[in-house]
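Quick notes on the structure that follows.
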Amino acid sequence: MYAITGITGKVGGIVANSLLAAGLPVRAVVRDAEKGRAWVAKGCEVAIASSTDADAMAKAFAGTAGVFFMTPPNFDPAPGFPESVRIIAAVTAAIEQAKPGKVVFLSTVGAHVAEPNLLNNSKLTEEGLRKVSVPVAFMRAAWFMENAAWDVAAAKTGVIQSFLQPLDHKIPMVATQDIGRTIADLLRETWTGTRVVELESPQRYSANDIATGFARGLGHAVTAYPVPRDTWETLFRSQGMQYPMPRIRMVDGFNEGWIDFERNGIESRRGMIPLDTVISELLAKNG
C-alpha cells in the first residue's frame, strides 16, 4: 500500500495513476471524503487528513510501504513560513508514529540555497524530514513546464509577459508527468537514510523558448516581453499578495543563476518530455 498526499493535484494524481497502472494498491489522502470519490472509483482506499493533523496523517500513513508527501502550495507566505512550520511538525510526528516503509517528498531545485526566497519553504521541510527514522528521498524538481499555462491567453494575442529574464537565459525545467512518474519509481525502490534526487528535462529552456513553443503550437508569431524588475512588487501587491519579496527573490534566483541544482555528487535524473509537448497539451486543454 502506498499513501499519496496531494492526489487531487497534478503531480499527486500522476504518482497515484502510475502506481495503479503497475497493479499496486493506493491510499488517497484527502481533506474530505468528496475529494476522494473519484479515487474510490479507481479502486483506492481513502484516508481523511489535513496536513496539520498529525494523528489523522499517522492513520493515513500506517501500514504503508511508502508515502508520497507534498506541502500545499503557498506563494504568499508570512515571514518565517509559519504555515510550513506547523505542517513540518505534524508530518514528522505522523511519520514517527506510523513508521511507513519510506517517504518521498516533492522538493524543488534550489532547496539547498540559504539566500532568503520562496523556495526556503522546501529547505525547511527537508531539514525537518532529515530527522525522521525512516528512509526519505527528496525529489528536487526543476521549474514546472506547466507554469506556461499562465501564458496561454496572452500567447493567443501574440505577446507574453515574462518574469524570466534575460529572455534568452535558460533555466532547468521539467514536465509534471516526468515528476510524477519518477516519484512513483522512487516509491518502489529501496534505500537507507536520506536521499536527494535532482530532476530536469534533457535540455534547458528560456522565456524565448516558451514563446517559440507557443508560436509553433498556435501557428503565428509569439514574442516574449520582459516585465520590468522595478514594477514587480507593485504588480504583485495589486494582485493581492501581502508578502511579495520571497516570490520576487525566487525569480531573481533563477534569473541570476543562484537558484540551480546542487550537483556535487547528488543523484541526477532526466525527464523525457520536451517543452513543446507540454505547451501543445496546454493549448489543447485551454481551447
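If you're wondering about the labels, chains in the C-alpha cells are A, B, ... by order shown, residues count from 1 in each chain, ligands from 1 in order shown.
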Exercise for review: Enumerate the residues of region 103-153 of chain A with a DSSP assignment of strand (DSSP E or B), computed from the backbone, and present them as a VMD selection string.
Suggested key: chain A and resid 103 to 108 136 to 141 143 to 144
List every residue of region 182-263 of chain A that has an atom at most 12 Å from any atom of region 87-107 of chain A, and for each one report the closest atom pair and its distance in Å to one decimal, counting only C-alpha atoms, with rows sorted by chain and then by increasing residue number, as JSON lines.
{"residue": "A:Thr182", "atom": "CA", "partner": "A:Val104", "partner_atom": "CA", "distance": 10.5}
{"residue": "A:Ile183", "atom": "CA", "partner": "A:Val104", "partner_atom": "CA", "distance": 7.1}
{"residue": "A:Ala184", "atom": "CA", "partner": "A:Val104", "partner_atom": "CA", "distance": 9.1}
{"residue": "A:Asp185", "atom": "CA", "partner": "A:Val104", "partner_atom": "CA", "distance": 10.3}
{"residue": "A:Leu186", "atom": "CA", "partner": "A:Val104", "partner_atom": "CA", "distance": 7.3}
{"residue": "A:Leu187", "atom": "CA", "partner": "A:Val104", "partner_atom": "CA", "distance": 6.8}
{"residue": "A:Arg188", "atom": "CA", "partner": "A:Lys102", "partner_atom": "CA", "distance": 9.5}
{"residue": "A:Glu189", "atom": "CA", "partner": "A:Lys102", "partner_atom": "CA", "distance": 9.3}
{"residue": "A:Thr190", "atom": "CA", "partner": "A:Lys102", "partner_atom": "CA", "distance": 8.4}
{"residue": "A:Trp191", "atom": "CA", "partner": "A:Lys102", "partner_atom": "CA", "distance": 8.6}
{"residue": "A:Thr192", "atom": "CA", "partner": "A:Lys102", "partner_atom": "CA", "distance": 8.9}
{"residue": "A:Gly193", "atom": "CA", "partner": "A:Lys102", "partner_atom": "CA", "distance": 9.5}
{"residue": "A:Thr194", "atom": "CA", "partner": "A:Val103", "partner_atom": "CA", "distance": 9.7}
{"residue": "A:Arg195", "atom": "CA", "partner": "A:Val104", "partner_atom": "CA", "distance": 9.2}
{"residue": "A:Val196", "atom": "CA", "partner": "A:Ser107", "partner_atom": "CA", "distance": 9.4}
{"residue": "A:Val197", "atom": "CA", "partner": "A:Ser107", "partner_atom": "CA", "distance": 9.4}
{"residue": "A:Glu198", "atom": "CA", "partner": "A:Ser107", "partner_atom": "CA", "distance": 9.3}
{"residue": "A:Leu199", "atom": "CA", "partner": "A:Ser107", "partner_atom": "CA", "distance": 10.3}
{"residue": "A:Phe261", "atom": "CA", "partner": "A:Ser107", "partner_atom": "CA", "distance": 11.7}
Export C-alpha atoms of the chosen residues as a PDB file, in the first residue's frame?
ATOM      1  CA  THR A 182       9.889   9.452 -11.274  1.00  0.00           C
ATOM      2  CA  ILE A 183       8.337   9.706  -7.806  1.00  0.00           C
ATOM      3  CA  ALA A 184       6.344   6.534  -8.486  1.00  0.00           C
ATOM      4  CA  ASP A 185       9.621   4.828  -9.427  1.00  0.00           C
ATOM      5  CA  LEU A 186      11.307   6.040  -6.241  1.00  0.00           C
ATOM      6  CA  LEU A 187       8.482   4.713  -4.091  1.00  0.00           C
ATOM      7  CA  ARG A 188       9.226   1.237  -5.452  1.00  0.00           C
ATOM      8  CA  GLU A 189      12.979   1.491  -4.838  1.00  0.00           C
ATOM      9  CA  THR A 190      14.913   0.611  -1.677  1.00  0.00           C
ATOM     10  CA  TRP A 191      17.496   2.700   0.167  1.00  0.00           C
ATOM     11  CA  THR A 192      18.535   3.686   3.670  1.00  0.00           C
ATOM     12  CA  GLY A 193      18.861   7.108   5.243  1.00  0.00           C
ATOM     13  CA  THR A 194      18.325  10.312   3.276  1.00  0.00           C
ATOM     14  CA  ARG A 195      18.479  10.503  -0.494  1.00  0.00           C
ATOM     15  CA  VAL A 196      18.390  13.530  -2.809  1.00  0.00           C
ATOM     16  CA  VAL A 197      17.345  13.204  -6.467  1.00  0.00           C
ATOM     17  CA  GLU A 198      17.524  16.165  -8.859  1.00  0.00           C
ATOM     18  CA  LEU A 199      15.219  16.043 -11.903  1.00  0.00           C
ATOM     19  CA  PHE A 261      20.752  22.263  -8.768  1.00  0.00           C
TER      20      PHE A 261
END
**Study point:** From A:Val85, A:Leu164, A:Ala21, A:Ala62, residue lying nearest Pro226 (chain A) [only C-alpha atoms]
**Key:** A:Leu164
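Picture a line from CA of Asn208 (chain A) to CA of Asn286 (chain A); it runs 21.1 Å.
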Point to revise | Expected answer as a PyMOL selection string: helix (DSSP H, G or I) residues in region 96-212 of chain A | key: chain A and resi 96-98+120-129+145-157+176-187+207-212
Review point. So which residues touch region 27-41 of chain A within 6 Å, counting only C-alpha atoms, skipping near sequence neighbours fewer than 4 positions away, as a PyMOL selection string?
Key: chain A and resi 2-5+45-50
Same residues, all heavy atoms, output as a PDB file, in the first residue's frame:
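Here's the written file again_37.pdb:
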ATOM      1  N   TYR A   2       0.466   2.233  -0.828  1.00  0.00           N
ATOM      2  CA  TYR A   2       1.195   3.496  -0.911  1.00  0.00           C
ATOM      3  C   TYR A   2       0.231   4.641  -0.617  1.00  0.00           C
ATOM      4  O   TYR A   2      -0.838   4.736  -1.252  1.00  0.00           O
ATOM      5  CB  TYR A   2       1.814   3.680  -2.295  1.00  0.00           C
ATOM      6  CG  TYR A   2       2.892   2.662  -2.587  1.00  0.00           C
ATOM      7  CD1 TYR A   2       2.572   1.438  -3.168  1.00  0.00           C
ATOM      8  CD2 TYR A   2       4.213   2.911  -2.257  1.00  0.00           C
ATOM      9  CE1 TYR A   2       3.549   0.488  -3.420  1.00  0.00           C
ATOM     10  CE2 TYR A   2       5.207   1.972  -2.502  1.00  0.00           C
ATOM     11  CZ  TYR A   2       4.863   0.760  -3.088  1.00  0.00           C
ATOM     12  OH  TYR A   2       5.841  -0.180  -3.332  1.00  0.00           O
ATOM     13  N   ALA A   3       0.582   5.491   0.344  1.00  0.00           N
ATOM     14  CA  ALA A   3      -0.244   6.640   0.696  1.00  0.00           C
ATOM     15  C   ALA A   3       0.216   7.844  -0.114  1.00  0.00           C
ATOM     16  O   ALA A   3       1.405   8.180  -0.118  1.00  0.00           O
ATOM     17  CB  ALA A   3      -0.144   6.936   2.190  1.00  0.00           C
ATOM     18  N   ILE A   4      -0.734   8.496  -0.778  1.00  0.00           N
ATOM     19  CA  ILE A   4      -0.407   9.604  -1.668  1.00  0.00           C
ATOM     20  C   ILE A   4      -1.127  10.864  -1.200  1.00  0.00           C
ATOM     21  O   ILE A   4      -2.366  10.939  -1.229  1.00  0.00           O
ATOM     22  CB  ILE A   4      -0.808   9.299  -3.123  1.00  0.00           C
ATOM     23  CG1 ILE A   4      -0.281   7.923  -3.565  1.00  0.00           C
ATOM     24  CG2 ILE A   4      -0.331  10.408  -4.046  1.00  0.00           C
ATOM     25  CD1 ILE A   4       1.230   7.792  -3.535  1.00  0.00           C
ATOM     26  N   THR A   5      -0.376  11.863  -0.771  1.00  0.00           N
ATOM     27  CA  THR A   5      -0.952  13.174  -0.471  1.00  0.00           C
ATOM     28  C   THR A   5      -0.968  13.998  -1.759  1.00  0.00           C
ATOM     29  O   THR A   5      -0.273  13.684  -2.720  1.00  0.00           O
ATOM     30  CB  THR A   5      -0.159  13.905   0.619  1.00  0.00           C
ATOM     31  OG1 THR A   5       1.134  14.284   0.103  1.00  0.00           O
ATOM     32  CG2 THR A   5       0.022  13.045   1.857  1.00  0.00           C
ATOM     33  N   GLU A  45      -8.117   3.026  -1.603  1.00  0.00           N
ATOM     34  CA  GLU A  45      -8.594   3.346  -0.263  1.00  0.00           C
ATOM     35  C   GLU A  45      -8.561   4.865  -0.112  1.00  0.00           C
ATOM     36  O   GLU A  45      -7.846   5.547  -0.848  1.00  0.00           O
ATOM     37  CB  GLU A  45      -7.684   2.734   0.808  1.00  0.00           C
ATOM     38  CG  GLU A  45      -7.762   1.239   0.937  1.00  0.00           C
ATOM     39  CD  GLU A  45      -6.953   0.737   2.139  1.00  0.00           C
ATOM     40  OE1 GLU A  45      -6.433   1.584   2.897  1.00  0.00           O
ATOM     41  OE2 GLU A  45      -6.839  -0.481   2.290  1.00  0.00           O
ATOM     42  N   VAL A  46      -9.296   5.390   0.840  1.00  0.00           N
ATOM     43  CA  VAL A  46      -9.286   6.827   1.107  1.00  0.00           C
ATOM     44  C   VAL A  46      -9.057   7.065   2.591  1.00  0.00           C
ATOM     45  O   VAL A  46      -9.655   6.385   3.435  1.00  0.00           O
ATOM     46  CB  VAL A  46     -10.601   7.500   0.664  1.00  0.00           C
ATOM     47  CG1 VAL A  46     -10.671   8.937   1.172  1.00  0.00           C
ATOM     48  CG2 VAL A  46     -10.725   7.487  -0.853  1.00  0.00           C
ATOM     49  N   ALA A  47      -8.168   7.986   2.897  1.00  0.00           N
ATOM     50  CA  ALA A  47      -7.934   8.424   4.272  1.00  0.00           C
ATOM     51  C   ALA A  47      -8.172   9.926   4.337  1.00  0.00           C
ATOM     52  O   ALA A  47      -7.720  10.661   3.458  1.00  0.00           O
ATOM     53  CB  ALA A  47      -6.513   8.089   4.706  1.00  0.00           C
ATOM     54  N   ILE A  48      -8.888  10.361   5.351  1.00  0.00           N
ATOM     55  CA  ILE A  48      -9.197  11.783   5.511  1.00  0.00           C
ATOM     56  C   ILE A  48      -8.199  12.386   6.490  1.00  0.00           C
ATOM     57  O   ILE A  48      -8.115  11.963   7.648  1.00  0.00           O
ATOM     58  CB  ILE A  48     -10.623  11.997   6.041  1.00  0.00           C
ATOM     59  CG1 ILE A  48     -11.634  11.182   5.218  1.00  0.00           C
ATOM     60  CG2 ILE A  48     -10.978  13.474   6.035  1.00  0.00           C
ATOM     61  CD1 ILE A  48     -11.663  11.525   3.762  1.00  0.00           C
ATOM     62  N   ALA A  49      -7.440  13.375   6.022  1.00  0.00           N
ATOM     63  CA  ALA A  49      -6.443  14.006   6.890  1.00  0.00           C
ATOM     64  C   ALA A  49      -6.016  15.342   6.309  1.00  0.00           C
ATOM     65  O   ALA A  49      -5.837  15.457   5.090  1.00  0.00           O
ATOM     66  CB  ALA A  49      -5.220  13.106   7.053  1.00  0.00           C
ATOM     67  N   SER A  50      -5.875  16.326   7.169  1.00  0.00           N
ATOM     68  CA  SER A  50      -5.283  17.599   6.746  1.00  0.00           C
ATOM     69  C   SER A  50      -3.796  17.552   7.060  1.00  0.00           C
ATOM     70  O   SER A  50      -3.336  16.757   7.890  1.00  0.00           O
ATOM     71  CB  SER A  50      -5.933  18.777   7.468  1.00  0.00           C
ATOM     72  OG  SER A  50      -5.518  18.818   8.823  1.00  0.00           O
TER      73      SER A  50
END
Review point. Suppose you want the space between CA of Leu124 (chain A) and CA of Ala111 (chain A); what is it in Å?
Key: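 So the answer is 8.4 Å.
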Point to revise | Distance of CA of Leu283 (chain A) from CA of Gln161 (chain A), expressed in Å to one decimal place | key: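 Atom-to-atom, CA of Gln161 (chain A) and CA of Leu283 (chain A) are spaced 17.2 Å apart.
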Return as JSON lines the residues of region 222-277 of chain A lying at most 12 Å from region 133-141 of chain A, together with the closest atom-to-atom pair for each and the distance in Å to one decimal, counting only C-alpha atoms, with rows in chain order and ascending residue number.
{"residue": "A:Ile259", "atom": "CA", "partner": "A:Arg140", "partner_atom": "CA", "distance": 11.9}
{"residue": "A:Asp260", "atom": "CA", "partner": "A:Arg140", "partner_atom": "CA", "distance": 10.3}
{"residue": "A:Phe261", "atom": "CA", "partner": "A:Arg140", "partner_atom": "CA", "distance": 8.2}
{"residue": "A:Glu262", "atom": "CA", "partner": "A:Arg140", "partner_atom": "CA", "distance": 9.6}
{"residue": "A:Arg263", "atom": "CA", "partner": "A:Arg140", "partner_atom": "CA", "distance": 11.0}
{"residue": "A:Ile266", "atom": "CA", "partner": "A:Arg140", "partner_atom": "CA", "distance": 10.6}
{"residue": "A:Glu267", "atom": "CA", "partner": "A:Met139", "partner_atom": "CA", "distance": 10.0}
{"residue": "A:Ser268", "atom": "CA", "partner": "A:Arg140", "partner_atom": "CA", "distance": 9.4}
{"residue": "A:Arg269", "atom": "CA", "partner": "A:Ala141", "partner_atom": "CA", "distance": 9.8}
{"residue": "A:Arg270", "atom": "CA", "partner": "A:Ala141", "partner_atom": "CA", "distance": 10.2}
{"residue": "A:Gly271", "atom": "CA", "partner": "A:Ala141", "partner_atom": "CA", "distance": 10.1}
Residues just named, written with all heavy atoms as an mmCIF file, in the first residue's frame:
data_model
loop_
_atom_site.group_PDB
_atom_site.id
_atom_site.type_symbol
_atom_site.label_atom_id
_atom_site.label_comp_id
_atom_site.auth_asym_id
_atom_site.auth_seq_id
_atom_site.Cartn_x
_atom_site.Cartn_y
_atom_site.Cartn_z
ATOM 1 N N ILE A 259 19.810 30.137 -8.078
ATOM 2 C CA ILE A 259 18.910 29.006 -7.889
ATOM 3 C C ILE A 259 19.150 28.041 -9.039
ATOM 4 O O ILE A 259 18.842 28.329 -10.197
ATOM 5 C CB ILE A 259 17.434 29.424 -7.823
ATOM 6 C CG1 ILE A 259 17.152 30.147 -6.506
ATOM 7 C CG2 ILE A 259 16.522 28.205 -7.950
ATOM 8 C CD1 ILE A 259 15.712 30.572 -6.320
ATOM 9 N N ASP A 260 19.736 26.924 -8.709
ATOM 10 C CA ASP A 260 20.047 25.864 -9.663
ATOM 11 C C ASP A 260 20.217 24.594 -8.846
ATOM 12 O O ASP A 260 20.048 24.605 -7.620
ATOM 13 C CB ASP A 260 21.314 26.186 -10.454
ATOM 14 C CG ASP A 260 21.367 25.481 -11.804
ATOM 15 O OD1 ASP A 260 20.857 24.330 -11.900
ATOM 16 O OD2 ASP A 260 21.935 26.035 -12.764
ATOM 17 N N PHE A 261 20.562 23.506 -9.496
ATOM 18 C CA PHE A 261 20.752 22.263 -8.768
ATOM 19 C C PHE A 261 22.057 22.272 -7.988
ATOM 20 O O PHE A 261 23.036 22.922 -8.378
ATOM 21 C CB PHE A 261 20.698 21.075 -9.721
ATOM 22 C CG PHE A 261 19.311 20.783 -10.215
ATOM 23 C CD1 PHE A 261 18.995 20.917 -11.556
ATOM 24 C CD2 PHE A 261 18.313 20.391 -9.330
ATOM 25 C CE1 PHE A 261 17.707 20.648 -12.005
ATOM 26 C CE2 PHE A 261 17.027 20.131 -9.776
ATOM 27 C CZ PHE A 261 16.725 20.251 -11.119
ATOM 28 N N GLU A 262 22.059 21.509 -6.907
ATOM 29 C CA GLU A 262 23.219 21.463 -6.020
ATOM 30 C C GLU A 262 24.370 20.681 -6.639
ATOM 31 O O GLU A 262 25.543 20.992 -6.416
ATOM 32 C CB GLU A 262 22.821 20.838 -4.681
ATOM 33 C CG GLU A 262 23.889 20.938 -3.615
ATOM 34 C CD GLU A 262 23.378 20.478 -2.262
ATOM 35 O OE1 GLU A 262 22.246 19.941 -2.178
ATOM 36 O OE2 GLU A 262 24.123 20.663 -1.272
ATOM 37 N N ARG A 263 24.040 19.624 -7.386
ATOM 38 C CA ARG A 263 25.033 18.741 -8.011
ATOM 39 C C ARG A 263 25.966 18.179 -6.934
ATOM 40 O O ARG A 263 25.504 17.553 -6.001
ATOM 41 C CB ARG A 263 25.796 19.476 -9.116
ATOM 42 C CG ARG A 263 24.877 19.968 -10.243
ATOM 43 C CD ARG A 263 25.691 20.511 -11.411
ATOM 44 N NE ARG A 263 24.850 20.965 -12.492
ATOM 45 C CZ ARG A 263 24.362 22.193 -12.601
ATOM 46 N NH1 ARG A 263 24.667 23.101 -11.692
ATOM 47 N NH2 ARG A 263 23.587 22.534 -13.611
ATOM 48 N N ILE A 266 25.345 14.620 -6.147
ATOM 49 C CA ILE A 266 23.951 14.266 -5.869
ATOM 50 C C ILE A 266 23.356 13.557 -7.082
ATOM 51 O O ILE A 266 23.663 13.882 -8.227
ATOM 52 C CB ILE A 266 23.145 15.528 -5.519
ATOM 53 C CG1 ILE A 266 23.564 16.030 -4.129
ATOM 54 C CG2 ILE A 266 21.641 15.259 -5.543
ATOM 55 C CD1 ILE A 266 22.928 17.315 -3.715
ATOM 56 N N GLU A 267 22.495 12.581 -6.822
ATOM 57 C CA GLU A 267 21.876 11.804 -7.891
ATOM 58 C C GLU A 267 21.071 12.705 -8.821
ATOM 59 O O GLU A 267 20.281 13.537 -8.376
ATOM 60 C CB GLU A 267 20.965 10.742 -7.275
ATOM 61 C CG GLU A 267 20.311 9.822 -8.278
ATOM 62 C CD GLU A 267 19.456 8.765 -7.612
ATOM 63 O OE1 GLU A 267 19.518 8.636 -6.363
ATOM 64 O OE2 GLU A 267 18.727 8.068 -8.346
ATOM 65 N N SER A 268 21.261 12.518 -10.115
ATOM 66 C CA SER A 268 20.565 13.332 -11.110
ATOM 67 C C SER A 268 19.820 12.437 -12.090
ATOM 68 O O SER A 268 20.348 11.414 -12.535
ATOM 69 C CB SER A 268 21.570 14.203 -11.874
ATOM 70 O OG SER A 268 20.929 14.938 -12.894
ATOM 71 N N ARG A 269 18.600 12.814 -12.411
ATOM 72 C CA ARG A 269 17.818 12.088 -13.403
ATOM 73 C C ARG A 269 17.275 13.069 -14.441
ATOM 74 O O ARG A 269 17.204 14.272 -14.196
ATOM 75 C CB ARG A 269 16.671 11.311 -12.744
ATOM 76 C CG ARG A 269 17.152 10.252 -11.761
ATOM 77 C CD ARG A 269 16.050 9.291 -11.378
ATOM 78 N NE ARG A 269 16.516 8.330 -10.378
ATOM 79 C CZ ARG A 269 15.806 7.287 -9.968
ATOM 80 N NH1 ARG A 269 14.596 7.057 -10.469
ATOM 81 N NH2 ARG A 269 16.286 6.456 -9.051
ATOM 82 N N ARG A 270 16.898 12.526 -15.597
ATOM 83 C CA ARG A 270 16.386 13.348 -16.678
ATOM 84 C C ARG A 270 14.990 12.879 -17.073
ATOM 85 O O ARG A 270 14.729 11.683 -17.193
ATOM 86 C CB ARG A 270 17.299 13.268 -17.908
ATOM 87 C CG ARG A 270 18.652 13.943 -17.704
ATOM 88 C CD ARG A 270 18.521 15.455 -17.659
ATOM 89 N NE ARG A 270 19.828 16.103 -17.566
ATOM 90 C CZ ARG A 270 20.451 16.376 -16.426
ATOM 91 N NH1 ARG A 270 19.884 16.018 -15.273
ATOM 92 N NH2 ARG A 270 21.623 16.980 -16.430
ATOM 93 N N GLY A 271 14.101 13.841 -17.285
ATOM 94 C CA GLY A 271 12.791 13.530 -17.818
ATOM 95 C C GLY A 271 12.877 13.285 -19.315
ATOM 96 O O GLY A 271 13.952 13.402 -19.917
#
Review point. Which is closer to Gly23 (chain A) than all the others in A:Pro77, A:Gly43, A:Pro116, A:Gly9, using only C-alpha atoms?
Key: A:Gly43
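The list of residues with at least one atom within 9 Å of region 275-280 of chain A, based on only C-alpha atoms and without residues fewer than 6 positions apart in the same chain, reads Met145, Glu146, Ala148, Ala149, Val152, Met173, Val174, Ala175, Ser201, Tyr205, Asp209, Ile210, Thr212, Gly213, Phe214, Arg216, Gly217 and Leu218 of chain A.
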Would you pick out the contacts of Glu83 (chain A) at 12 Å or less, using only C-alpha atoms, so that residues sharing its chain but fewer than 6 positions from it are not included, and give the list as a tab-separated table (two decimals) with C-alpha atoms, in the first residue's frame?
chain	number	residue	atom	x	y	z
A	51	SER	CA	-1.57	18.37	6.55
A	52	THR	CA	-1.56	19.85	10.07
A	71	THR	CA	3.14	20.58	1.00
A	72	PRO	CA	0.17	22.66	-0.21
A	73	PRO	CA	1.37	25.49	-2.48
A	74	ASN	CA	1.68	28.88	-0.81
A	75	PHE	CA	3.03	31.68	-2.98
A	76	ASP	CA	2.47	34.39	-0.35
A	77	PRO	CA	3.82	33.02	2.93
A	89	ALA	CA	5.85	19.43	12.88
A	90	ALA	CA	2.68	17.47	12.11
A	121	ASN	CA	9.79	26.53	2.27
A	124	LEU	CA	12.73	23.92	5.93
A	125	THR	CA	10.72	20.82	5.07
Check your understanding: Which neighbours of region 249-252 of chain A fall inside 9 Å, counting only C-alpha atoms, when residues of the same chain fewer than 4 positions from it are skipped, and could you give them as a list in words?
Key ->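 That gives Glu115, Pro116, Asn117, Leu118, Leu119, Phe163, Leu164, Gln165, Pro244, Met245, Glu256, Gly257, Trp258 and Ile259 of chain A.
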